[in-house]
file final_26.csv (CSV, C-alpha atoms and all ligand atoms)
chain,number,residue,atom,x,y,z
A,1,MET,CA,-8.8,-23.5,-19.9
A,2,THR,CA,-8.2,-26.7,-17.8
A,3,ASN,CA,-8.8,-26.7,-14.0
A,4,LEU,CA,-5.1,-26.8,-13.4
A,5,GLU,CA,-4.6,-23.7,-15.6
A,6,CYS,CA,-7.4,-21.9,-13.6
A,7,LEU,CA,-5.6,-22.8,-10.4
A,8,ARG,CA,-2.3,-21.3,-11.8
A,9,GLY,CA,-3.9,-18.2,-13.3
A,10,ALA,CA,-2.1,-16.0,-15.7
A,11,ALA,CA,1.4,-16.9,-14.6
A,12,ALA,CA,3.6,-19.2,-16.8
A,13,PRO,CA,4.0,-22.7,-15.4
A,14,LYS,CA,6.9,-23.2,-13.1
A,15,SER,CA,9.4,-25.6,-14.6
A,16,HIS,CA,10.7,-28.6,-12.7
A,17,ASN,CA,14.2,-29.9,-12.4
A,18,ALA,CA,15.7,-33.0,-10.9
A,19,ARG,CA,15.9,-31.4,-7.5
A,20,THR,CA,12.2,-30.4,-7.5
A,21,ILE,CA,11.1,-33.7,-8.9
A,22,ALA,CA,13.1,-35.5,-6.2
A,23,ALA,CA,11.4,-33.3,-3.6
A,24,LEU,CA,8.0,-34.6,-4.7
A,25,THR,CA,8.8,-37.9,-3.1
A,26,THR,CA,9.5,-36.5,0.4
A,27,ASN,CA,5.8,-36.0,1.3
A,28,PRO,CA,3.8,-38.1,-1.1
A,29,GLY,CA,0.6,-37.9,1.1
A,30,CYS,CA,0.3,-34.1,0.7
A,31,SER,CA,-2.5,-33.1,-1.7
A,32,ARG,CA,-1.6,-29.4,-1.5
A,33,ARG,CA,1.8,-29.9,-2.9
A,34,ALA,CA,0.6,-32.4,-5.5
A,35,VAL,CA,-2.0,-30.0,-6.8
A,36,MET,CA,0.4,-27.0,-6.8
A,37,ASP,CA,3.1,-28.9,-8.6
A,38,ALA,CA,0.7,-30.4,-11.1
A,39,ALA,CA,-0.6,-26.9,-11.9
A,40,GLY,CA,2.9,-25.5,-12.2
A,41,ILE,CA,2.3,-22.9,-9.5
A,42,ASP,CA,5.3,-20.9,-8.4
A,43,LYS,CA,5.2,-21.9,-4.7
A,44,GLU,CA,8.2,-19.8,-3.8
A,45,ARG,CA,6.5,-16.6,-5.0
A,46,LEU,CA,3.2,-17.6,-3.4
A,47,ALA,CA,4.8,-18.3,-0.1
A,48,SER,CA,6.6,-15.0,-0.2
A,49,HIS,CA,3.5,-13.1,-1.0
A,50,VAL,CA,1.5,-14.6,1.9
A,51,GLY,CA,4.3,-13.7,4.3
A,52,PHE,CA,6.1,-17.0,4.7
A,53,PRO,CA,9.1,-16.9,2.3
A,54,ALA,CA,11.0,-20.1,1.8
A,55,ARG,CA,14.4,-20.3,3.4
A,56,PHE,CA,16.2,-23.2,1.8
A,57,GLY,CA,18.4,-24.0,-1.1
A,58,GLN,CA,22.2,-24.4,-1.7
A,59,SER,CA,24.4,-21.6,-0.4
A,60,GLN,CA,26.6,-19.8,-2.9
A,61,PHE,CA,29.6,-21.3,-1.2
A,62,ALA,CA,28.3,-24.8,-1.7
A,63,ILE,CA,27.5,-24.1,-5.3
A,64,THR,CA,30.9,-22.7,-6.0
A,65,ARG,CA,32.6,-25.6,-4.2
A,66,GLY,CA,30.5,-28.1,-6.2
A,67,ASN,CA,31.4,-26.5,-9.5
A,68,VAL,CA,35.1,-26.5,-8.7
A,69,PHE,CA,35.0,-30.2,-7.6
A,70,GLU,CA,33.1,-31.2,-10.8
A,71,ALA,CA,35.6,-29.2,-13.0
A,72,GLN,CA,38.5,-30.9,-11.3
A,73,LEU,CA,37.0,-34.4,-12.0
A,74,LYS,CA,36.2,-33.6,-15.6
A,75,ALA,CA,39.5,-31.9,-16.5
A,76,ASN,CA,41.5,-33.4,-19.4
A,77,GLY,CA,38.6,-35.4,-20.8
A,78,CYS,CA,37.4,-36.7,-17.4
A,79,ALA,CA,40.8,-38.2,-16.6
A,80,GLU,CA,40.2,-38.3,-12.8
A,81,LEU,CA,36.6,-39.5,-13.1
A,82,LEU,CA,37.7,-42.2,-15.5
A,83,ARG,CA,40.2,-43.5,-13.0
A,84,LEU,CA,37.3,-43.8,-10.4
A,85,LEU,CA,34.9,-45.4,-12.8
A,86,ARG,CA,37.5,-48.0,-13.7
A,87,GLU,CA,37.7,-48.9,-10.1
A,88,VAL,CA,34.1,-48.9,-9.2
A,89,LEU,CA,32.6,-50.2,-12.5
A,90,ALA,CA,35.5,-52.2,-13.8
A,91,LEU,CA,35.5,-49.9,-16.9
A,92,PRO,CA,38.2,-51.2,-19.3
A,93,ILE,CA,41.1,-49.0,-20.1
A,94,GLY,CA,40.1,-48.6,-23.7
A,95,ALA,CA,36.5,-47.5,-23.0
A,96,ALA,CA,37.3,-43.8,-22.7
A,97,ALA,CA,35.6,-42.0,-25.6
A,98,TYR,CA,34.2,-38.7,-24.2
A,99,ASP,CA,31.4,-36.6,-25.4
A,100,ASP,CA,30.7,-33.1,-24.0
A,101,LEU,CA,27.0,-32.6,-24.8
A,102,GLU,CA,27.0,-29.2,-23.0
A,103,SER,CA,28.6,-27.8,-26.0
A,104,VAL,CA,25.4,-28.1,-28.0
A,105,ASN,CA,23.6,-24.8,-27.3
A,106,GLN,CA,19.9,-25.1,-28.2
A,107,LEU,CA,17.9,-27.2,-25.7
A,108,ASP,CA,15.9,-29.4,-28.2
A,109,ALA,CA,19.0,-29.9,-30.4
A,110,ARG,CA,20.9,-31.0,-27.3
A,111,ALA,CA,18.2,-33.4,-26.2
A,112,ASP,CA,18.0,-34.8,-29.7
A,113,ARG,CA,21.8,-35.2,-29.9
A,114,SER,CA,21.8,-36.9,-26.4
A,115,ARG,CA,19.1,-39.3,-27.5
A,116,GLU,CA,20.9,-40.1,-30.7
A,117,LEU,CA,24.2,-40.9,-29.0
A,118,LEU,CA,22.6,-42.8,-26.1
A,119,THR,CA,20.5,-45.0,-28.4
A,120,ARG,CA,23.5,-45.6,-30.6
A,121,ALA,CA,25.5,-46.6,-27.6
A,122,ALA,CA,22.6,-48.9,-26.6
A,123,ASP,CA,22.9,-50.5,-30.0
A,124,GLY,CA,26.5,-51.3,-29.2
A,125,ASP,CA,27.9,-48.8,-31.6
A,126,GLU,CA,31.5,-48.2,-30.3
A,127,ASP,CA,31.7,-44.8,-32.1
A,128,ALA,CA,28.8,-43.5,-30.0
A,129,GLY,CA,31.1,-42.9,-27.1
A,130,THR,CA,31.5,-44.1,-23.5
A,131,LEU,CA,31.3,-41.1,-21.3
A,132,PHE,CA,28.4,-38.6,-21.9
A,133,ASP,CA,28.9,-35.3,-20.2
A,134,HIS,CA,25.8,-33.3,-19.3
A,135,PRO,CA,23.4,-35.1,-21.6
A,136,LEU,CA,19.9,-33.5,-21.8
A,137,LEU,CA,17.1,-35.9,-20.9
A,138,ARG,CA,13.3,-35.2,-20.9
A,139,LEU,CA,10.7,-36.5,-18.5
A,140,GLU,CA,7.0,-35.9,-18.5
A,141,VAL,CA,5.9,-34.4,-15.1
A,142,GLY,CA,2.2,-33.6,-14.6
A,143,GLY,CA,1.6,-33.5,-18.4
A,144,ARG,CA,4.5,-31.2,-19.2
A,145,TRP,CA,8.0,-32.1,-20.5
A,146,VAL,CA,10.8,-31.2,-18.1
A,147,TYR,CA,14.5,-31.0,-19.2
A,148,LEU,CA,17.0,-32.8,-16.9
A,149,GLU,CA,20.7,-32.6,-16.9
A,150,PRO,CA,22.6,-35.4,-15.1
A,151,ASP,CA,26.3,-34.7,-14.3
A,152,LEU,CA,27.3,-37.6,-16.5
A,153,ILE,CA,26.1,-40.9,-17.8
A,154,ALA,CA,28.8,-43.5,-18.2
A,155,LEU,CA,28.4,-46.6,-20.3
A,156,GLN,CA,30.1,-49.6,-18.8
A,157,PHE,CA,31.8,-52.2,-20.9
A,158,GLY,CA,29.2,-54.8,-21.5
A,159,GLY,CA,26.4,-52.4,-22.4
A,160,LYS,CA,25.0,-51.1,-19.1
A,161,PHE,CA,24.4,-47.4,-18.5
A,162,TYR,CA,25.2,-45.9,-15.2
A,163,VAL,CA,24.2,-42.5,-14.0
A,164,VAL,CA,27.1,-40.7,-12.3
A,165,GLU,CA,26.2,-38.0,-9.8
A,166,ILE,CA,28.9,-35.6,-8.5
A,167,LYS,CA,28.3,-34.0,-5.1
A,168,SER,CA,30.5,-31.7,-3.1
A,169,PHE,CA,29.5,-33.0,0.4
A,170,ALA,CA,32.3,-34.9,2.1
A,171,VAL,CA,32.7,-38.6,2.8
A,172,ILE,CA,34.5,-38.6,6.2
A,173,ASP,CA,36.1,-41.9,7.3
A,174,GLY,CA,34.0,-43.8,4.8
A,175,LYS,CA,30.7,-42.2,5.9
A,176,ALA,CA,28.7,-39.3,4.5
A,177,ASP,CA,25.7,-37.4,5.9
A,178,GLY,CA,22.7,-39.9,5.4
A,179,THR,CA,20.3,-37.1,4.6
A,180,LYS,CA,22.5,-35.7,1.8
A,181,VAL,CA,23.2,-39.2,0.4
A,182,SER,CA,19.5,-39.9,0.4
A,183,ALA,CA,18.7,-36.6,-1.4
A,184,ALA,CA,21.5,-37.3,-4.0
A,185,ALA,CA,20.1,-40.9,-4.5
A,186,THR,CA,16.6,-39.5,-5.1
A,187,GLN,CA,17.9,-37.0,-7.6
A,188,SER,CA,19.9,-39.7,-9.4
A,189,ALA,CA,16.8,-41.9,-9.5
A,190,VAL,CA,15.1,-39.1,-11.5
A,191,TYR,CA,17.8,-39.4,-14.1
A,192,VAL,CA,17.7,-43.2,-14.1
A,193,LEU,CA,13.9,-42.9,-14.7
A,194,ALA,CA,14.3,-40.3,-17.5
A,195,MET,CA,17.0,-42.4,-19.1
A,196,ARG,CA,14.9,-45.6,-18.9
A,197,ARG,CA,11.9,-43.9,-20.5
A,198,LEU,CA,14.1,-42.5,-23.3
A,199,LEU,CA,15.3,-46.0,-24.1
A,200,ALA,CA,11.9,-47.6,-23.8
A,201,GLU,CA,10.4,-45.0,-26.2
A,202,ALA,CA,13.1,-45.8,-28.7
A,203,GLY,CA,12.3,-49.5,-28.4
A,204,TYR,CA,15.2,-50.6,-26.1
A,205,ASP,CA,15.2,-52.5,-22.9
A,206,PRO,CA,14.9,-49.9,-20.0
A,207,GLY,CA,16.8,-52.4,-17.9
A,208,LEU,CA,19.9,-51.3,-19.7
A,209,VAL,CA,20.1,-48.5,-17.2
A,210,SER,CA,21.4,-49.7,-14.0
A,211,HIS,CA,19.6,-49.1,-10.7
A,212,ASP,CA,23.0,-48.6,-9.1
A,213,VAL,CA,24.2,-45.0,-9.5
A,214,VAL,CA,27.8,-43.9,-9.0
A,215,LEU,CA,28.0,-41.2,-6.4
A,216,VAL,CA,31.3,-39.2,-6.4
A,217,CYS,CA,32.2,-37.0,-3.4
A,218,PRO,CA,35.3,-35.5,-2.0
A,219,GLU,CA,37.0,-37.7,0.6
A,220,ASN,CA,37.7,-36.5,4.2
A,221,PHE,CA,38.7,-32.8,4.2
A,222,SER,CA,40.6,-32.9,0.8
A,223,ASN,CA,39.4,-32.6,-2.8
A,224,ARG,CA,40.4,-36.2,-3.4
A,225,PRO,CA,37.3,-37.9,-5.0
A,226,VAL,CA,35.9,-41.2,-3.9
A,227,ALA,CA,33.2,-43.1,-5.8
A,228,THR,CA,30.5,-45.4,-4.3
A,229,LEU,CA,27.7,-47.4,-5.9
A,230,VAL,CA,24.2,-46.5,-4.5
A,231,ASP,CA,21.2,-48.7,-5.1
A,232,VAL,CA,18.2,-46.4,-6.0
A,233,ARG,CA,15.5,-49.1,-6.6
A,234,LYS,CA,13.4,-48.0,-3.6
A,235,LYS,CA,13.6,-44.3,-4.7
A,236,LEU,CA,12.6,-45.2,-8.2
A,237,SER,CA,9.4,-46.9,-7.1
A,238,VAL,CA,8.4,-44.0,-4.8
A,239,LEU,CA,9.2,-41.6,-7.7
A,240,GLU,CA,7.1,-43.5,-10.2
A,241,ARG,CA,4.2,-43.7,-7.8
A,242,GLN,CA,4.4,-40.0,-7.2
A,243,LEU,CA,4.6,-39.1,-10.9
A,244,ALA,CA,1.7,-41.4,-11.7
A,245,ARG,CA,-0.3,-39.7,-8.9
A,246,MET,CA,0.4,-36.3,-10.5
A,247,GLY,CA,-1.1,-37.6,-13.7
A,248,ARG,CA,-4.3,-38.6,-11.7
A,249,ILE,CA,-4.5,-35.3,-9.9
A,250,ASP,CA,-7.9,-34.6,-11.5
A,251,ALA,CA,-9.8,-36.5,-8.7
A,252,ILE,CA,-8.4,-34.0,-6.1
A,253,VAL,CA,-8.9,-31.0,-8.4
A,254,ASP,CA,-12.5,-32.0,-9.2
A,255,GLY,CA,-13.3,-31.7,-5.5
A,256,LEU,CA,-12.1,-28.1,-5.3
A,257,SER,CA,-14.2,-25.0,-5.8
A,258,PRO,CA,-14.3,-24.2,-9.6
A,259,SER,CA,-13.5,-20.6,-8.8
A,260,LEU,CA,-10.4,-21.4,-6.8
A,261,THR,CA,-7.2,-19.8,-8.2
A,262,PHE,CA,-3.8,-18.9,-7.0
A,263,ASP,CA,-3.3,-16.2,-9.5
A,264,LEU,CA,-1.2,-13.5,-7.8
A,265,GLN,CA,-2.7,-10.8,-10.1
A,266,VAL,CA,0.7,-9.1,-10.7
A,267,ASP,CA,0.6,-5.5,-11.9
A,268,ASP,CA,2.6,-3.9,-14.7
A,269,ALA,CA,5.6,-3.7,-12.5
A,270,GLY,CA,5.4,-7.4,-11.7
A,271,VAL,CA,4.2,-6.9,-8.1
A,272,PRO,CA,1.5,-9.3,-6.8
A,273,GLN,CA,-1.8,-7.5,-6.0
A,274,ARG,CA,-3.9,-10.4,-4.9
A,275,PRO,CA,-5.3,-10.0,-1.3
A,276,VAL,CA,-3.3,-12.4,1.0
A,277,ALA,CA,-6.4,-13.5,2.8
A,278,GLU,CA,-7.9,-14.9,-0.4
A,279,LEU,CA,-4.8,-17.0,-1.1
A,280,VAL,CA,-4.6,-18.2,2.5
A,281,ASP,CA,-8.2,-19.2,2.3
A,282,GLY,CA,-7.6,-21.0,-1.0
A,283,MET,CA,-4.6,-22.9,0.4
A,284,GLY,CA,-6.8,-24.0,3.3
A,285,GLN,CA,-9.1,-25.7,0.8
A,286,ILE,CA,-6.5,-28.2,-0.2
A,287,ASP,CA,-5.4,-30.8,2.4
A,288,ALA,CA,-1.8,-30.5,3.5
A,289,ARG,CA,0.3,-33.0,5.5
A,290,TYR,CA,2.9,-30.9,7.2
A,291,SER,CA,5.9,-32.6,8.7
A,292,PRO,CA,9.3,-31.2,9.7
A,293,GLU,CA,10.9,-32.7,6.6
A,294,CYS,CA,8.9,-30.2,4.6
A,295,LEU,CA,11.3,-27.5,5.9
A,296,ALA,CA,14.1,-28.8,3.6
A,297,ASN,CA,12.0,-29.7,0.7
A,298,CYS,CA,9.0,-27.5,0.0
A,299,GLU,CA,8.7,-23.8,-0.6
A,300,LEU,CA,5.4,-23.6,1.4
A,301,ALA,CA,7.0,-25.1,4.5
A,302,PHE,CA,6.8,-22.0,6.8
A,303,PHE,CA,3.2,-21.4,5.8
A,304,CYS,CA,2.2,-25.0,6.4
A,305,ARG,CA,4.1,-25.1,9.7
A,306,HIS,CA,2.3,-22.0,10.9
A,307,GLU,CA,-1.0,-23.5,9.9
A,308,ALA,CA,-0.2,-26.8,11.6
A,309,ARG,CA,0.9,-25.2,14.8
A,310,GLY,CA,-0.7,-27.0,17.8
A,311,SER,CA,-1.1,-30.3,15.9
A,312,THR,CA,0.8,-33.3,17.0
A,313,ALA,CA,1.5,-34.2,13.4
A,314,ALA,CA,3.6,-31.0,13.0
A,315,LEU,CA,6.1,-32.6,15.5
A,316,GLY,CA,7.1,-35.2,13.0
A,317,LYS,CA,6.3,-38.6,11.6
A,318,SER,CA,7.3,-40.6,14.7
A,319,VAL,CA,5.1,-38.4,17.0
A,320,ARG,CA,2.2,-38.7,14.4
A,321,GLU,CA,2.6,-42.5,14.5
A,322,GLU,CA,3.1,-42.9,18.3
A,323,LEU,CA,0.1,-40.7,19.2
A,324,GLY,CA,-2.3,-42.2,16.7
A,325,GLY,CA,-5.6,-40.4,17.0
A,326,VAL,CA,-4.4,-37.7,19.4
A,327,SER,CA,-4.3,-34.8,16.9
A,328,SER,CA,-3.7,-31.7,19.0
A,329,VAL,CA,-0.8,-30.9,21.4
A,330,SER,CA,-3.3,-29.4,23.9
A,331,HIS,CA,-5.3,-32.6,24.0
A,332,ALA,CA,-2.1,-34.6,24.4
A,333,LEU,CA,-1.1,-32.4,27.4
A,334,SER,CA,-4.5,-32.9,29.0
A,335,LEU,CA,-4.2,-36.7,28.6
A,336,ALA,CA,-0.7,-36.6,30.0
A,337,SER,CA,-1.8,-34.7,33.1
A,338,GLY,CA,-5.0,-36.8,33.5
A,339,ALA,CA,-7.1,-33.7,33.2
A,340,VAL,CA,-9.3,-35.5,30.7
A,341,PRO,CA,-10.2,-39.2,30.4
A,342,PRO,CA,-9.0,-40.9,27.2
A,343,ALA,CA,-11.5,-42.1,24.6
A,344,GLU,CA,-11.3,-45.8,23.8
A,345,ASP,CA,-8.9,-45.4,20.9
A,346,GLU,CA,-6.7,-43.1,22.9
A,347,ILE,CA,-6.0,-45.4,25.9
A,348,GLU,CA,-2.7,-46.7,24.7
A,349,ALA,CA,-1.4,-43.2,23.7
A,350,ALA,CA,-2.7,-41.8,27.1
A,351,GLU,CA,-0.7,-44.4,29.1
A,352,MET,CA,2.4,-43.5,27.2
A,353,LEU,CA,1.8,-39.8,27.7
A,354,ARG,CA,1.2,-40.2,31.4
A,355,PHE,CA,4.4,-42.3,31.7
A,356,ALA,CA,6.4,-39.6,29.8
A,357,ALA,CA,4.9,-36.9,32.0
A,358,LYS,CA,5.9,-38.8,35.2
A,359,LEU,CA,9.5,-39.3,33.9
A,360,ARG,CA,9.7,-35.6,33.1
A,361,SER,CA,8.5,-34.5,36.5
A,362,GLU,CA,10.9,-36.9,38.2
A,363,CYS,CA,13.8,-35.5,36.1
A,364,LEU,CA,12.9,-31.9,36.9
A,365,SER,CA,12.5,-32.5,40.6
B,401,LIG,S1,5.1,-27.7,3.1
B,401,LIG,FE1,2.9,-27.9,3.0
B,401,LIG,S2,2.5,-28.1,0.8
B,401,LIG,FE2,4.6,-28.5,1.1
B,401,LIG,S3,4.7,-30.7,1.3
B,401,LIG,FE3,4.7,-29.9,3.3
B,401,LIG,S4,2.5,-29.9,3.9
B,401,LIG,FE4,2.6,-30.1,1.7
call {"tool": "encode", "arguments": {"input": "final_26.csv", "output": "C-alpha cells", "more": "lines below"}}
Ligand code: SF4
result
Amino acid sequence: MTNLECLRGAAAPKSHNARTIAALTTNPGCSRRAVMDAAGIDKERLASHVGFPARFGQSQFAITRGNVFEAQLKANGCAELLRLLREVLALPIGAAAYDDLESVNQLDARADRSRELLTRAADGDEDAGTLFDHPLLRLEVGGRWVYLEPDLIALQFGGKFYVVEIKSFAVIDGKADGTKVSAAATQSAVYVLAMRRLLAEAGYDPGLVSHDVVLVCPENFSNRPVATLVDVRKKLSVLERQLARMGRIDAIVDGLSPSLTFDLQVDDAGVPQRPVAELVDGMGQIDARYSPECLANCELAFFCRHEARGSTAALGKSVREELGGVSSVSHALSLASGAVPPAEDEIEAAEMLRFAAKLRSECLS
C-alpha cells in the first residue's frame, strides 16, 4: 500500500472532474488540499463528519437553466451555436459536420471514439467532422486517469481546435461577473490541457488546440446567446504547475507520520465511526493556507476557516500581504492601539494599523 493509499484508507478514491481540477488552482500554496486531492480523499464526507459540511455547489435552478440553455444552442444539429461560431471564429458555412459523442454509452469506448475522431480531424480528414459534441477526454491527475467532458470542441477551418464552453450566467450590457468568467476560463483550460495532451500522445502538435476558448452565455435577461473568445494561457500555466505539484506530492507525504490516515472507518450501514478528534488532529498535521476564496472552492473551507480564526491570513490575501509578519488579529489590534511596541519587521505594518485606528476613531466620533 502506498502512503497515499494509507492516507485515504479503505474508501475508494474520489474522482475528479473539470470543476474540481479547476478548483486545485485557486489555492496552490495549500499542502492540505494538495495531499487530500492526490490521495483521492472524499473531502466533502470528511468535512461533514468532523462537523463542518461544505455549503457550495450549483443550485438545482442554475443546473436546470444551464441544461435548457445548452439544449437550445445544440438543437437541430447545433444550428444556433454554429451561427455564433461562424461569427466569432469565422467558421466557413460548409464546415458544419456534427458528431454527438454522447450517444456512445460505454466510457472507454466513448473516449476511444473521441480520440479517433479528433486525431483524424487533426490529420485534416474532412470526414472526421467539425463539431464534436461532448467528447470524452482523459487527463492524468495525481497518478490517476480522470474522464472529462467538454460541452463541445469545435474545429475551425484551417485546422485549429477550439474548446467551446457553454455557461448559463448572463452577460449584461457586454459584461459578465468576473469571478464566474474566471471560473469558466479555468475549467476550459482543463479541457484545453487534456486535448493538447491527447494530441501530443498521438504524435500531433499540441499547439493545434487554441489557447483561446469560446465562452457562450445568455445575453442580458433573455436566452439569446452571445459568444466571446477568452484567452486561458495564464490559467493553463497555473494548472500545469499545480498538476505537476500533485505528481511530486511525495515530499510532503514523506514528512507526515506513517500512521496518519483519514479513513472514516464506515460501518456496515455506511456510517463513519472514526472519532472526530483523531481526524481533526490528523488534518492539523498538514499545513493549510486558508483564505476566503476557499469558501467557494474547497469542501474543507468551513473547517479551515474555523481553524484559522484569529489569524490575519484568514481575512484574505490583501490583508495577508499588507500585514506581512503580523500573523494574529489580536496582535494587530495591540499594535494599532500602541499597547505593544512593534518588532523591527513590524514597524511599517504598525504605522499603517495606527493610522487606520486613528481614522476609525475619527469616523466614529
Ligand atoms: S479550505 Fe483548507 S484545505 Fe481547502 S484549500 Fe483552503 S486551506 Fe486548503
call {"tool": "closest_residue", "arguments": {"input": "final_26.csv", "among": "A:Arg360, A:Arg32, A:Arg113, A:Lys74", "to": "A:Ile166", "atoms": "all atoms listed in the file"}}
result
A:Lys74
call {"tool": "residues_around", "arguments": {"input": "final_26.csv", "residues": "A:Leu208", "least_positions_apart": "5", "cutoff": "8 Å", "atoms": "only C-alpha atoms", "output": "list in words"}}
result
Ala122, Gly159, Lys160, Phe161 and Arg196 of chain A
call {"tool": "closest_residue", "arguments": {"input": "final_26.csv", "among": "A:Asp108, A:Asp263, A:Glu5, A:Asp37", "to": "ligand LIG 401 (chain B)", "atoms": "all atoms listed in the file"}}
result
A:Asp37
call {"tool": "residues_around", "arguments": {"input": "final_26.csv", "residues": "stretch 83-92 of chain A", "least_positions_apart": "6", "cutoff": "10 Å", "atoms": "only C-alpha atoms", "output": "count of residues only"}}
result
16
call {"tool": "closest_residue", "arguments": {"input": "final_26.csv", "among": "A:Val253, A:Ala185, A:Arg233, A:Asn220", "to": "A:Gly207", "atoms": "only C-alpha atoms"}}
result
A:Arg233
call {"tool": "atom_distance", "arguments": {"input": "final_26.csv", "atom1": "atom CA of A:Ala336", "atom2": "atom CA of A:Gly324"}}
result
14.5 Å
call {"tool": "residues_near_ligand", "arguments": {"input": "final_26.csv", "ligand": "ligand LIG 401 (chain B)", "cutoff": "9 Å", "atoms": "all atoms listed in the file", "output": "ChimeraX atom specification"}}
result
/A:23-24,26-34,36,43,283,287-295,297-305,308
call {"tool": "atom_distance", "arguments": {"input": "final_26.csv", "atom1": "atom CA of A:His49", "atom2": "atom CA of A:Thr261"}}
result
14.5 Å
call {"tool": "residues_around", "arguments": {"input": "final_26.csv", "residues": "stretch 344-346 of chain A", "least_positions_apart": "2", "cutoff": "10 Å", "atoms": "all atoms listed in the file", "output": "JSON list (two decimals) with C-alpha atoms, keeping the file's coordinate frame"}}
result
[["chain", "number", "residue", "atom", "x", "y", "z"],
["A", 323, "LEU", "CA", 0.10, -40.70, 19.20],
["A", 324, "GLY", "CA", -2.30, -42.20, 16.70],
["A", 325, "GLY", "CA", -5.60, -40.40, 17.00],
["A", 326, "VAL", "CA", -4.40, -37.70, 19.40],
["A", 332, "ALA", "CA", -2.10, -34.60, 24.40],
["A", 335, "LEU", "CA", -4.20, -36.70, 28.60],
["A", 341, "PRO", "CA", -10.20, -39.20, 30.40],
["A", 342, "PRO", "CA", -9.00, -40.90, 27.20],
["A", 348, "GLU", "CA", -2.70, -46.70, 24.70],
["A", 349, "ALA", "CA", -1.40, -43.20, 23.70],
["A", 350, "ALA", "CA", -2.70, -41.80, 27.10],
["A", 351, "GLU", "CA", -0.70, -44.40, 29.10]]
call {"tool": "closest_atom_pairs", "arguments": {"input": "final_26.csv", "of": "stretch 47-79 of chain A", "to": "stretch 168-173 of chain A", "cutoff": "7 Å", "atoms": "all atoms listed in the file", "output": "JSON lines"}}
result
{"residue": "A:Arg65", "atom": "CA", "partner": "A:Ser168", "partner_atom": "CA", "distance": 6.5}
{"residue": "A:Gly66", "atom": "CA", "partner": "A:Ser168", "partner_atom": "CA", "distance": 4.8}
{"residue": "A:Phe69", "atom": "CA", "partner": "A:Ser168", "partner_atom": "CA", "distance": 6.5}
call {"tool": "atom_distance", "arguments": {"input": "final_26.csv", "atom1": "atom CA of A:Ala47", "atom2": "atom CA of A:Ala62"}}
result
24.4 Å
